[in-house]
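Below is one structure, written out as structure tokens; comments come after it.
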Amino acid sequence: MPQPPTEPSKSAPTPGLVAGPMPRIHRGWRVFFFYSETMLLTGLVSLLFADLLWRTGWDTSSTILLLLFIILFLLTAVGLMHAVCGFVLRIMGDPRGITHLNDYRSRSIAGTSTAIVFPIYNEQVARVYEGLRAAYESLEKTGEIERFDFFILSDSTNPDKWIEEERRWLGLIRDLDALGRIYYRHRFNNEGKKSGNIRDFLNTWGRRYRYFIVFDADSLMSGDTVVDLVKLMEANPQVGLIQTVPALVNAESLFGRMQQFANRLYAPIFITGLNFWTEGFGNYWGHNAIIRSEPFMQCCDLPHLPGIKPFGGQILSHDFVEAALLLKENWQVWFAYDLEGSYEEAPQGIIENAQRDRRWCQGNLQHGIVLFARGLRGISRIHLLLGIFGYLASPLWLLFLLTFNATLYFKMHTGLSEITVRGRTPFMTLNGPEHAFLIFLICMTVLFLPKVLALLDLVLHPARRRAFGGLRHAAAGAVAETFFSTLHAPLQMLWHSKFVATILLGIGVQWGPQKRTADGIAWLAAVQAHWQHTVIGLGWGALVWWIDPRTFWWFAPVVAGMILSIPLSVFTSRGSWGARARAAGLFRTPEELSPPPELAAVASRMAALEKAGETVPAAPNSGLAEAVLDPYVNAIHVSLLREKGINPENQDSLAAMGVGQPRVRVLGEKLLAEGPEALRANEQLLVLSDAETMSWLHRQVWLRPGESLAAWWQTFIRQYAR
Amino acid sequence: MDLPLESALSGREPVPEATGRIAGRPLEEWNAAYSKVESYFHALRVRNKVLLGRLVIQVLNRAMRRAPAEPERPAAHLAAEEMDRVVTEWFGQVLQEPPTGADHMLSTRGRLALLLADMPGKWQDQFLQPGPWPEEFVNRMRETYLRAGPDFQLSKMAPRPLDLLEPLTTLTAISRLPYARMIAIWVLFALVLVAVFLLTHKF
């Protein structure tokens with residue numbers, strides 16, 4: 001058998017691996033300025049709120065309300081300050097962006113080697129591969145494809161997905177003539193999940209590549225952006241990681257399109273503001289980022305945390321921690337916030353969004369332990385803290401509202417006058433309701449000013465305004481999105497509160513299978529997911545009405561979101577509603593109105609595959625049938641298994657699984673005689689992992705008389721007769 | 001296998017010895033055998049009907065020659081064995097690797113070579129034909145291999161334990177707290193606000 005030629009190592013890894021000291025010149029005052037402004041605003045408004053509480057008589061609940069108000073307002077003010085700083089910097093220009101530090105575009109990337117990795121886990125294979133194909137073709141057009149290798153790093157545990165991945169991989173490399181440029185690797189176990197998957201890649205091939213770029217299953221980057229990232233790394237040898245800011249794309253449902261629109265409209269000012277205080281101390285979001293391999297391999301293998309779940313064990317949200325570890329070792333981490341051509345997709349419905357939040361919530365709460373790790377930089381701790389409070393804010397808001405209700409109930413039923421004394425807030429002579437209304441107005445301003453600033457940013461940038469289809473449409477979209485997010489926020493509050501509580505109590509959350517219709521989530525599935533929200537909304541609304549009908553109207557937006565959660569979830573998940581909004585000119589984004597070639601290519605190919613029925617989920621166990629029966633799929637599978645067996649890293653895993661033992665042949669006999677239902681999932685995986693048995697099965701299933709095979713095999717064999 | 005491949009592929013049609021039977025077996029048995037062999041060639045994407053029919057008949061001829069000597073075995077089973085043998089022997093000739101019988105490697109490699117050389121698209125007429133074969137076809141068959149990854153450059157990432165006891169350290173060395181001066185200023189500001197509130201409000 002011919003042996004594949006041995007390849008020369010593509011290039012030496014990063015020269016000069018020791019990072020220099022981090023510059024402190026700008027960073028210190030920027031962090032101080034940013035958070036001092038936030039503190040100032042929070043302090044003054046909190047003083048005003050404390051004065052209001054004092055007017056109605058101070059008690060324990062007032063102290064609780066004040067503390068909760070300070071925390072919640074501080075978090076909102078942080079958001080506002082990001083928007084304000086970003087807005088101002090987008091007018092004035094910020095020389096402290098990674099793309100402005102030097103003339104990176106003139107750099108050559110000759111002599112570099114970069115791996116583009118796609119860690120996947122039971123994903124929709126066609127979509128992943130079409131994204132890869134689009135990125136590959138786009139990179140080819142840059143003329144720099146020789147500097148890149150693509151890796152599909154599969155952790156799929158579903159045998160059908162595994163086989164489909166292998167089959168489509170071969171189709172892809174044949175289509176693109178990319179044998180030896182697009183590689184496929186499947187792990188026998190998914191130890192360490194995504195971070196373990198990347199670690200396995202780095203342990204096997206990491207030293208061949210100076211950089212690696214991580215894609216997500218649904219992400220995409222243009223060839224120019226990929227090349228720009230490598231040039232940026234070459235031009236800035238002290239940088240360990242550059243994170244792009246992916247634009248949300250390809251949404252069709254109303255919910256997805258609103259999220260996409262909000263992301264595209266608001267993100268630029270927020271991320272510019274974020275870069276203002278982080279500079280080279282940015283963060284990593286897990287994908288659409290370029291990483292310098294060598295320092296990452298040296299610094300970022302994550303330890304298991306001591307203790308039991310939810311805080312102990314494997315670090316779930318690895319990205320923040322990896323960025324923190326790079327910074328700890330003096331490698332810079334930047335946001336390339338002004339680099340276009342980076343995309344990802346988002347959940348298409350409220351329920352899918354909550355499911356994703358559940359995963360992220362657990363990972364972020366776990367950072368509560370990492371927060372205190374010795375040696376981390378202060379800025380890393382801020383990143384971790386903001387991530388934690390992204391989820392903790394919800395139970396705090398819920399607690400604030402409940403405490404307020406309890407206080408109101410107490411005051412309404414004591415018979416005491418509502419406003420006991422005049423306020424002492426200097427320079428203001430407001431009565432109680434005016435005082436309360438002023439605080440309400442300030443809170444609303446802090447909440448909604450970023451949206452106004454984002455629209456003003458459009459006014460000031462004509463090209464961007466045109467890309468959104470004009471100011472009128474963008475403004476209408478922002479108003480509609482604000483209305484929706486007002487209803488959605490209380491749902492998020494309930495969901496996040498439940499997530500935090502269940503995670504802290506160590507209780508898992510069960511999600512039933514998503515029953516989707518052709519056009520969004522089914523009504524029954526929405527009822528199952530939201531009935532508690534509806535009941536809480538009705539009960540809470542009735543309670544507040546009973547306590548004080550005047551206060552009810554202040555609470556109306558909160559309970560309305562809960563009461564309407566079922567129809568809200570159903571209708572916003574519908575593609576037809578998304579299309580109607582689009583026809584009305586709402587929520588249009590630059591990528592929708594003028595799709596970049598990469599996105600257009602993915603969309604047209606996915607449409608073609610859909611038309612050909614290639615995206616319909618296959619029948620259960622069809623992957624196993626294909627791997628055994630189909631002469632080519634079997635040959636690909638067995639060849640890949642054999643090659644995998646060569647890697648000494650895999651030999652222990654194979655032995656631990658039981659590959660090569662006589663038991664596997666027994667399972668193979670059982671599979672032939674009784675069909676796949678006779679084998680447990682792990683037994684099926686064991687058979688699929690044994691090259692000799694798979695090769696033997698292929699011959700046996702075609703050699704043996706039909707009556708000695710399970711009827712299940714006959715069904716599949718008959719399909720080949722056509 | 002007692003017959004050379006070439007002779008098997010160009011062998012004469014066996015003569016039916018009785019009505020309703022071929023090589024001592026009922027026609028239905030041969031029909032089932034035909035279906036099985038045809039299915040396998042379908043699975044190999046031999047889509048040209050003329051070539052497909054010819055290949056199936058060639059395999060069945062071999063099975064029919066064996067049939068009288070093995071009366072207890074169903075025709076479909078004999079045909080499947082002959083199909084496997086014909087294909088594996090042909091792989092051995094094209095790839096210049098002798099079949100070893102127990103090892104399934106040759107069959108696997110041959111099927112992969114067929115796919116990578118694009119037999120279904122470009123070389124259907126060469127499949128199972130005796131040599132010599134077109135040079136391009138032979139080269140493509142012999143030189144194809146599947147690489148799931150480049151050469152390994154193994155290394156070992158080693159996790160560095162995180163020291164999670166920082167709070168104890170910082171409690172005893174507050175000046176080492178990150179941004180200590182900034183935090184001190186913010187705390188001072190908060191204290192001023194508290195003082196202002198307490199001084200202007202009577203409890």
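Each chain of the structure tokens is named A, B, ... in the order shown, its residues numbered from 1; ligands are numbered from 1 in display order.
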> What residues in chain A have any atom no more than 6 Å from chain B when counting only C-alpha atoms, and can you write them as a PyMOL selection string?
Replying inline: chain A and resi 183-184+203-205+297+301-303+372-374+378+632+635+703+705+720-721
Would you kindly return, as a compact mmCIF listing (two decimals) with C-alpha atoms, in the first residue's frame, each protein, DNA or RNA residue with an atom no farther than 10 Å from any atom of A:Ala406, considering only C-alpha atoms and excluding same-chain residues fewer than 6 positions away?
# COMPACT_ATOMS: atom_id res chain seq x y z
CA SER A 61 -36.61 46.56 53.18
CA PHE A 400 -35.84 43.89 43.81
CA MET A 412 -50.70 50.04 52.00
CA VAL A 544 -50.22 44.00 42.46
CA ILE A 547 -52.34 45.75 46.63
> Can you tell me, as a ChimeraX atom specification, what residues are no more than 7 Å from A:Leu68 when counting only C-alpha atoms, ignoring any on the same chain fewer than 4 positions away?
Replying inline: /A:64,72,396,400
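Atom CA of A:Val527 to atom CA of A:Thr615 spans 27.8 Å [interatomic distance, one decimal].
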> For B:Thr88, which residue out of B:Ile22, B:Ala195, B:Leu128, B:Leu60 is the nearest one, using only C-alpha atoms?
Replying inline: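 Among the listed residues, B:Leu128 lies closest to B:Thr88.
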> Where in stretch 24-188 of chain B does DSSP assign helix (DSSP H, G or I), given as a VMD selection string?
Replying inline: chain B and resid 27 to 43 49 to 69 75 to 95 105 to 116 119 to 122 124 to 126 135 to 143 166 to 172 174 to 176 180 to 188
>> Just to confirm, what's the straight-line distance from atom CA of A:Pro662 to atom CA of A:Gly675 in Å (one decimal)?
In response: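 Pair atom CA of A:Pro662 / atom CA of A:Gly675 returns 19.1 Å.
When the distance limit is 12 Å and only C-alpha atoms are what count, the residues near A:Asn405, minus those fewer than 3 positions from it on the same chain, are Ser61, Ser62, Leu65, Leu398, Leu399, Phe400, Leu401, Leu402, Leu408, Tyr409, Phe410, Lys411, Met412, Trp540, Gly541, Leu543, Val544, Trp545, Trp546, Ile547, Asp548, Thr551, Phe552, Trp554 and Phe555 of chain A.
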>> Neighbouring residues of A:Trp577 were defined as those with any atom within 7 Å, considering only C-alpha atoms; residues of the same chain fewer than 4 positions away were excluded. Please report them as a list in words.
In response: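 Residues meeting the cut-off are Ser253, Leu254, Phe571, Thr572 and Ala581 of chain A.
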> Can you list every residue in stretch 71-255 of chain A that DSSP puts in strand (DSSP E), as number ranges by chain?
Replying inline: A: 114-120, 148-154, 182-186, 211-214, 220-221, 239-244, 247-248
Using N, CA and C atoms, can you write the selected residues to a file as an mmCIF file, in the first residue's frame?
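Wrote result_32.cif, looks like this:
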data_model
loop_
_atom_site.group_PDB
_atom_site.id
_atom_site.type_symbol
_atom_site.label_atom_id
_atom_site.label_comp_id
_atom_site.auth_asym_id
_atom_site.auth_seq_id
_atom_site.Cartn_x
_atom_site.Cartn_y
_atom_site.Cartn_z
ATOM 1 N N THR A 114 -1.264 28.557 9.163
ATOM 2 C CA THR A 114 -2.423 28.754 10.028
ATOM 3 C C THR A 114 -3.411 27.619 9.822
ATOM 4 N N ALA A 115 -3.872 27.088 10.909
ATOM 5 C CA ALA A 115 -4.921 26.059 10.839
ATOM 6 C C ALA A 115 -6.261 26.725 11.121
ATOM 7 N N ILE A 116 -7.232 26.410 10.303
ATOM 8 C CA ILE A 116 -8.591 26.905 10.550
ATOM 9 C C ILE A 116 -9.394 25.720 11.052
ATOM 10 N N VAL A 117 -9.811 25.794 12.301
ATOM 11 C CA VAL A 117 -10.411 24.612 12.925
ATOM 12 C C VAL A 117 -11.901 24.807 13.153
ATOM 13 N N PHE A 118 -12.631 23.739 12.911
ATOM 14 C CA PHE A 118 -14.085 23.712 13.103
ATOM 15 C C PHE A 118 -14.406 22.637 14.134
ATOM 16 N N PRO A 119 -14.401 22.972 15.421
ATOM 17 C CA PRO A 119 -14.816 21.964 16.393
ATOM 18 C C PRO A 119 -16.330 21.765 16.299
ATOM 19 N N ILE A 120 -16.778 20.536 16.088
ATOM 20 C CA ILE A 120 -18.216 20.305 15.927
ATOM 21 C C ILE A 120 -18.669 19.166 16.820
ATOM 22 N N PHE A 148 -2.810 27.991 4.558
ATOM 23 C CA PHE A 148 -3.855 27.552 5.489
ATOM 24 C C PHE A 148 -4.203 26.079 5.299
ATOM 25 N N ASP A 149 -4.501 25.425 6.411
ATOM 26 C CA ASP A 149 -5.098 24.097 6.384
ATOM 27 C C ASP A 149 -6.395 24.168 7.181
ATOM 28 N N PHE A 150 -7.365 23.391 6.745
ATOM 29 C CA PHE A 150 -8.665 23.356 7.430
ATOM 30 C C PHE A 150 -8.806 22.029 8.170
ATOM 31 N N PHE A 151 -9.334 22.098 9.364
ATOM 32 C CA PHE A 151 -9.552 20.889 10.163
ATOM 33 C C PHE A 151 -10.993 20.834 10.662
ATOM 34 N N ILE A 152 -11.659 19.746 10.322
ATOM 35 C CA ILE A 152 -12.969 19.490 10.931
ATOM 36 C C ILE A 152 -12.682 18.608 12.133
ATOM 37 N N LEU A 153 -12.926 19.134 13.315
ATOM 38 C CA LEU A 153 -12.601 18.414 14.551
ATOM 39 C C LEU A 153 -13.900 17.922 15.170
ATOM 40 N N SER A 154 -14.235 16.692 14.857
ATOM 41 C CA SER A 154 -15.547 16.194 15.275
ATOM 42 C C SER A 154 -15.490 15.525 16.634
ATOM 43 N N ILE A 182 -7.991 20.024 3.442
ATOM 44 C CA ILE A 182 -9.109 19.986 4.400
ATOM 45 C C ILE A 182 -9.072 18.608 5.068
ATOM 46 N N TYR A 183 -8.887 18.612 6.366
ATOM 47 C CA TYR A 183 -8.733 17.354 7.092
ATOM 48 C C TYR A 183 -9.940 17.099 7.990
ATOM 49 N N TYR A 184 -10.090 15.830 8.311
ATOM 50 C CA TYR A 184 -11.195 15.442 9.199
ATOM 51 C C TYR A 184 -10.639 14.575 10.321
ATOM 52 N N ARG A 185 -11.003 14.921 11.538
ATOM 53 C CA ARG A 185 -10.585 14.111 12.682
ATOM 54 C C ARG A 185 -11.774 13.907 13.618
ATOM 55 N N HIS A 186 -12.031 12.643 13.940
ATOM 56 C CA HIS A 186 -13.116 12.343 14.884
ATOM 57 C C HIS A 186 -12.500 11.774 16.148
ATOM 58 N N TYR A 211 -0.372 29.834 13.914
ATOM 59 C CA TYR A 211 -1.651 30.349 14.417
ATOM 60 C C TYR A 211 -2.748 29.336 14.164
ATOM 61 N N PHE A 212 -3.797 29.460 14.910
ATOM 62 C CA PHE A 212 -5.025 28.742 14.531
ATOM 63 C C PHE A 212 -6.216 29.663 14.717
ATOM 64 N N ILE A 213 -7.179 29.476 13.823
ATOM 65 C CA ILE A 213 -8.390 30.297 13.850
ATOM 66 C C ILE A 213 -9.549 29.373 14.170
ATOM 67 N N VAL A 214 -10.313 29.734 15.183
ATOM 68 C CA VAL A 214 -11.405 28.860 15.615
ATOM 69 C C VAL A 214 -12.720 29.350 15.005
ATOM 70 N N LEU A 220 -18.766 31.939 10.132
ATOM 71 C CA LEU A 220 -18.187 32.080 8.803
ATOM 72 C C LEU A 220 -17.306 33.327 8.812
ATOM 73 N N MET A 221 -16.214 33.265 8.066
ATOM 74 C CA MET A 221 -15.373 34.455 7.917
ATOM 75 C C MET A 221 -14.929 34.551 6.471
ATOM 76 N N VAL A 239 0.968 39.938 20.603
ATOM 77 C CA VAL A 239 -0.457 39.610 20.725
ATOM 78 C C VAL A 239 -0.656 38.093 20.685
ATOM 79 N N GLY A 240 -1.420 37.588 21.631
ATOM 80 C CA GLY A 240 -1.680 36.154 21.692
ATOM 81 C C GLY A 240 -2.995 35.759 21.065
ATOM 82 N N LEU A 241 -3.927 36.707 21.023
ATOM 83 C CA LEU A 241 -5.265 36.362 20.521
ATOM 84 C C LEU A 241 -5.959 37.619 20.008
ATOM 85 N N ILE A 242 -6.618 37.496 18.879
ATOM 86 C CA ILE A 242 -7.438 38.603 18.376
ATOM 87 C C ILE A 242 -8.843 38.068 18.133
ATOM 88 N N GLN A 243 -9.780 38.681 18.801
ATOM 89 C CA GLN A 243 -11.179 38.275 18.681
ATOM 90 C C GLN A 243 -11.897 39.223 17.725
ATOM 91 N N THR A 244 -12.522 38.670 16.680
ATOM 92 C CA THR A 244 -13.358 39.526 15.831
ATOM 93 C C THR A 244 -14.738 39.643 16.470
ATOM 94 N N ALA A 247 -20.876 39.380 13.140
ATOM 95 C CA ALA A 247 -22.215 39.920 12.896
ATOM 96 C C ALA A 247 -23.185 38.746 12.829
ATOM 97 N N LEU A 248 -24.343 38.919 13.458
ATOM 98 C CA LEU A 248 -25.358 37.870 13.364
ATOM 99 C C LEU A 248 -25.978 37.911 11.974
#
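Contact shell of A:Leu339 at 8 Å (only C-alpha atoms; same-chain neighbours under 3 positions omitted): Thr99, Thr225, Thr244, Val245, Ala336 and Ser342 of chain A.
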Contact table stretch 173-287 of chain A vs stretch 344-351 of chain A, cut-off 6 Å, shortest pair per residue, only C-alpha atoms, as JSON lines:
{"residue": "A:Asp218", "atom": "CA", "partner": "A:Glu344", "partner_atom": "CA", "distance": 5.7}
{"residue": "A:Ser219", "atom": "CA", "partner": "A:Glu344", "partner_atom": "CA", "distance": 4.0}
{"residue": "A:Pro246", "atom": "CA", "partner": "A:Glu344", "partner_atom": "CA", "distance": 5.8}
{"residue": "A:Leu248", "atom": "CA", "partner": "A:Glu344", "partner_atom": "CA", "distance": 5.1}
{"residue": "A:Val249", "atom": "CA", "partner": "A:Glu345", "partner_atom": "CA", "distance": 5.3}
{"residue": "A:Ser253", "atom": "CA", "partner": "A:Gln348", "partner_atom": "CA", "distance": 5.7}
{"residue": "A:Phe255", "atom": "CA", "partner": "A:Gly349", "partner_atom": "CA", "distance": 5.6}
{"residue": "A:Gly256", "atom": "CA", "partner": "A:Gln348", "partner_atom": "CA", "distance": 4.6}
Atoms to include: C-alpha atoms. Write the selected residues as a CSV table (one decimal), in the first residue's frame.
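So the final result, stored in selection25.csv, reads:
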chain,number,residue,atom,x,y,z
A,218,ASP,CA,-22.5,28.2,12.4
A,219,SER,CA,-19.8,30.8,11.9
A,246,PRO,CA,-19.1,38.4,14.5
A,248,LEU,CA,-25.4,37.9,13.4
A,249,VAL,CA,-26.6,36.7,10.0
A,253,SER,CA,-37.7,34.0,12.1
A,255,PHE,CA,-37.0,36.7,16.8
A,256,GLY,CA,-33.8,35.9,14.9
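Considering only C-alpha atoms, the residue among A:Thr142, A:Lys670, A:Pro268, A:Leu593 positioned nearest to A:Ala710 is A:Lys670.
Nearest to B:Phe91 of all the residues B:Arg25, B:Phe127, B:Leu188, B:Leu51 is B:Phe127, counting only C-alpha atoms.
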